Amino acid sequence: MFQEIEHKYLIRKDLWYAVHKPVGTSIRQGYLHSDEGKTIRIRITDTEAYLTIKGPTHNASRAEFEYPIPVKDAEALLLLFTIPLIEKIRYRMEFAGKRWEVDEFFGKNEGLILAEIELSSPEEAYEKPSWVSDNVTNDIRYYNAYLAVNPFSGWD
């Protein structure tokens with residue numbers, strides 16, 4: 001079992017758009033199951049696909065199991081069992097010795113940009129880039145599973 005410990009942040013778009021970015025990875029994902037206790041996700045990137053199971057979040061930490069699956073199977077699972085989809089471009093960036101993942105959302109979540117940093121312990125110290133804004137780690141509205149059924153475009 002892998003323990004995922006991550007913090008999630010909003011982005012200062014004016015500063016983010018000025019940053020030189022690496023080539024991003026296209027991601028499409030959908031949820032086979034999602035409730036407060038667990039999520040079961042199918043994700044397809046540019047070249048790979050995964051089945052991911054995550055447990056409940058406690059103090060920015062949760063159990064995570066991820067397995068590669070054939071892309072053809074993932075496409076079928078998304079088509080048959082997961083509507084609506086999350087579509088985004090993910091950028092992986094290094095800052096102060098840590099890897100940040102920044103997701104620019106499309107479709108019904110267009111306009112939302114979130115950054116995540118994975119940590120080895122909940123108490124691990126880290127520096128934030130200037131383009132990182134408010135910490136939304138504990139706000140379920142910013143969980144991808146929530147965004148799939150309550151898209152950003154529909155928020156007040």
# chains A, B, ... in the order shown; residues from 1 in each chain; ligands from 1
>>> residues_around(residues="range 125-136 of chain A", least_positions_apart="6", cutoff="10 Å", atoms="only C-alpha atoms", output="MDAnalysis selection string")
chainID A and resid 7:19 94:98 100 102 114:117 119 142:143
>>> residues_around(residues="Thr82 in chain A", least_positions_apart="6", cutoff="10 Å", atoms="only C-alpha atoms", output="PyMOL selection string")
chain A and resi 29-33+41-42+76+148
>>> residues_around(residues="range 87-92 of chain A", least_positions_apart="6", cutoff="9 Å", atoms="only C-alpha atoms", output="list in words")
Lys21, Pro22, Val23, Gly24, Thr25, Ser26, Ile27, Arg28, Gln29, Arg99, Trp100, Glu101, Val102, Asp103, Glu104, Phe105, Phe106, Gly107, Lys108, Asn109 and Glu110 of chain A
>>> atom_distance(atom1="CA of Phe81 in chain A", atom2="CA of Ile113 in chain A")
26.2 Å
>>> closest_residue(among="A:Leu78, A:Ile5, A:Ile40, A:Ala49", to="Ser61 in chain A", atoms="only C-alpha atoms")
A:Ile5
>>> atom_distance(atom1="CA of Tyr50 in chain A", atom2="CA of Gly111 in chain A")
25.6 Å
>>> select_by_dssp(residues="chain A", states="strand (DSSP E or B)", output="ChimeraX atom specification")
/A:2-11,25-35,38-44,49-54,58,61-68,86-95,98-105,113-118,132-135
>>> select_by_dssp(residues="chain A", states="helix (DSSP H, G or I)", output="ChimeraX atom specification")
/A:13-18,71-81,107-109,140-142,144-149,152-154
>>> atom_distance(atom1="CA of Thr57 in chain A", atom2="CA of Leu80 in chain A")
27.8 Å
>>> residues_around(residues="Pro68 in chain A", least_positions_apart="5", cutoff="12 Å", atoms="only C-alpha atoms", output="number ranges by chain")
A: 41-45, 47-53, 73-74
>>> closest_residue(among="A:Ala60, A:Val71, A:Lys38, A:Leu147", to="Glu124 in chain A", atoms="only C-alpha atoms")
A:Ala60
>>> residues_around(residues="Trp155 in chain A", least_positions_apart="3", cutoff="10 Å", atoms="only C-alpha atoms", output="list in words")
Asn109, Arg141, Asn150, Pro151 and Phe152 of chain A
>>> write_last_selection(atoms="all heavy atoms", output="PDB file, in the first residue's frame")
ATOM      1  N   ASN A 109     -14.656  22.241 -16.754  1.00  0.00           N
ATOM      2  CA  ASN A 109     -13.810  22.773 -15.675  1.00  0.00           C
ATOM      3  C   ASN A 109     -12.788  23.783 -16.198  1.00  0.00           C
ATOM      4  O   ASN A 109     -11.861  24.150 -15.485  1.00  0.00           O
ATOM      5  CB  ASN A 109     -13.109  21.627 -14.943  1.00  0.00           C
ATOM      6  CG  ASN A 109     -14.090  20.841 -14.107  1.00  0.00           C
ATOM      7  OD1 ASN A 109     -14.667  21.366 -13.172  1.00  0.00           O
ATOM      8  ND2 ASN A 109     -14.309  19.584 -14.464  1.00  0.00           N
ATOM      9  N   ARG A 141     -14.359  20.561  -2.933  1.00  0.00           N
ATOM     10  CA  ARG A 141     -14.759  21.077  -4.247  1.00  0.00           C
ATOM     11  C   ARG A 141     -13.632  20.970  -5.269  1.00  0.00           C
ATOM     12  O   ARG A 141     -13.891  20.935  -6.473  1.00  0.00           O
ATOM     13  CB  ARG A 141     -15.202  22.539  -4.148  1.00  0.00           C
ATOM     14  CG  ARG A 141     -16.460  22.747  -3.343  1.00  0.00           C
ATOM     15  CD  ARG A 141     -16.796  24.204  -3.229  1.00  0.00           C
ATOM     16  NE  ARG A 141     -15.658  24.924  -2.651  1.00  0.00           N
ATOM     17  CZ  ARG A 141     -15.447  26.226  -2.800  1.00  0.00           C
ATOM     18  NH1 ARG A 141     -16.268  26.968  -3.505  1.00  0.00           N
ATOM     19  NH2 ARG A 141     -14.396  26.803  -2.237  1.00  0.00           N
ATOM     20  N   ASN A 150     -19.611  18.070 -10.383  1.00  0.00           N
ATOM     21  CA  ASN A 150     -19.924  19.452 -10.020  1.00  0.00           C
ATOM     22  C   ASN A 150     -18.893  20.369 -10.655  1.00  0.00           C
ATOM     23  O   ASN A 150     -18.039  20.929  -9.969  1.00  0.00           O
ATOM     24  CB  ASN A 150     -19.912  19.633  -8.495  1.00  0.00           C
ATOM     25  CG  ASN A 150     -20.899  18.735  -7.805  1.00  0.00           C
ATOM     26  OD1 ASN A 150     -22.096  18.982  -7.859  1.00  0.00           O
ATOM     27  ND2 ASN A 150     -20.413  17.679  -7.192  1.00  0.00           N
ATOM     28  N   PRO A 151     -18.941  20.518 -11.975  1.00  0.00           N
ATOM     29  CA  PRO A 151     -17.866  21.237 -12.671  1.00  0.00           C
ATOM     30  C   PRO A 151     -17.735  22.692 -12.263  1.00  0.00           C
ATOM     31  O   PRO A 151     -18.703  23.360 -11.891  1.00  0.00           O
ATOM     32  CB  PRO A 151     -18.221  21.092 -14.146  1.00  0.00           C
ATOM     33  CG  PRO A 151     -19.630  20.666 -14.199  1.00  0.00           C
ATOM     34  CD  PRO A 151     -19.957  20.029 -12.882  1.00  0.00           C
ATOM     35  N   PHE A 152     -16.523  23.164 -12.374  1.00  0.00           N
ATOM     36  CA  PHE A 152     -16.128  24.518 -12.025  1.00  0.00           C
ATOM     37  C   PHE A 152     -16.999  25.562 -12.731  1.00  0.00           C
ATOM     38  O   PHE A 152     -17.331  26.587 -12.149  1.00  0.00           O
ATOM     39  CB  PHE A 152     -14.644  24.692 -12.380  1.00  0.00           C
ATOM     40  CG  PHE A 152     -14.058  26.010 -12.012  1.00  0.00           C
ATOM     41  CD1 PHE A 152     -13.898  26.389 -10.692  1.00  0.00           C
ATOM     42  CD2 PHE A 152     -13.630  26.896 -12.995  1.00  0.00           C
ATOM     43  CE1 PHE A 152     -13.325  27.606 -10.348  1.00  0.00           C
ATOM     44  CE2 PHE A 152     -13.056  28.115 -12.672  1.00  0.00           C
ATOM     45  CZ  PHE A 152     -12.921  28.476 -11.344  1.00  0.00           C
TER      46      PHE A 152
END
>>> closest_residue(among="A:Tyr67, A:Asn59, A:Lys54, A:Ile140", to="Thr39 in chain A", atoms="only C-alpha atoms")
A:Lys54
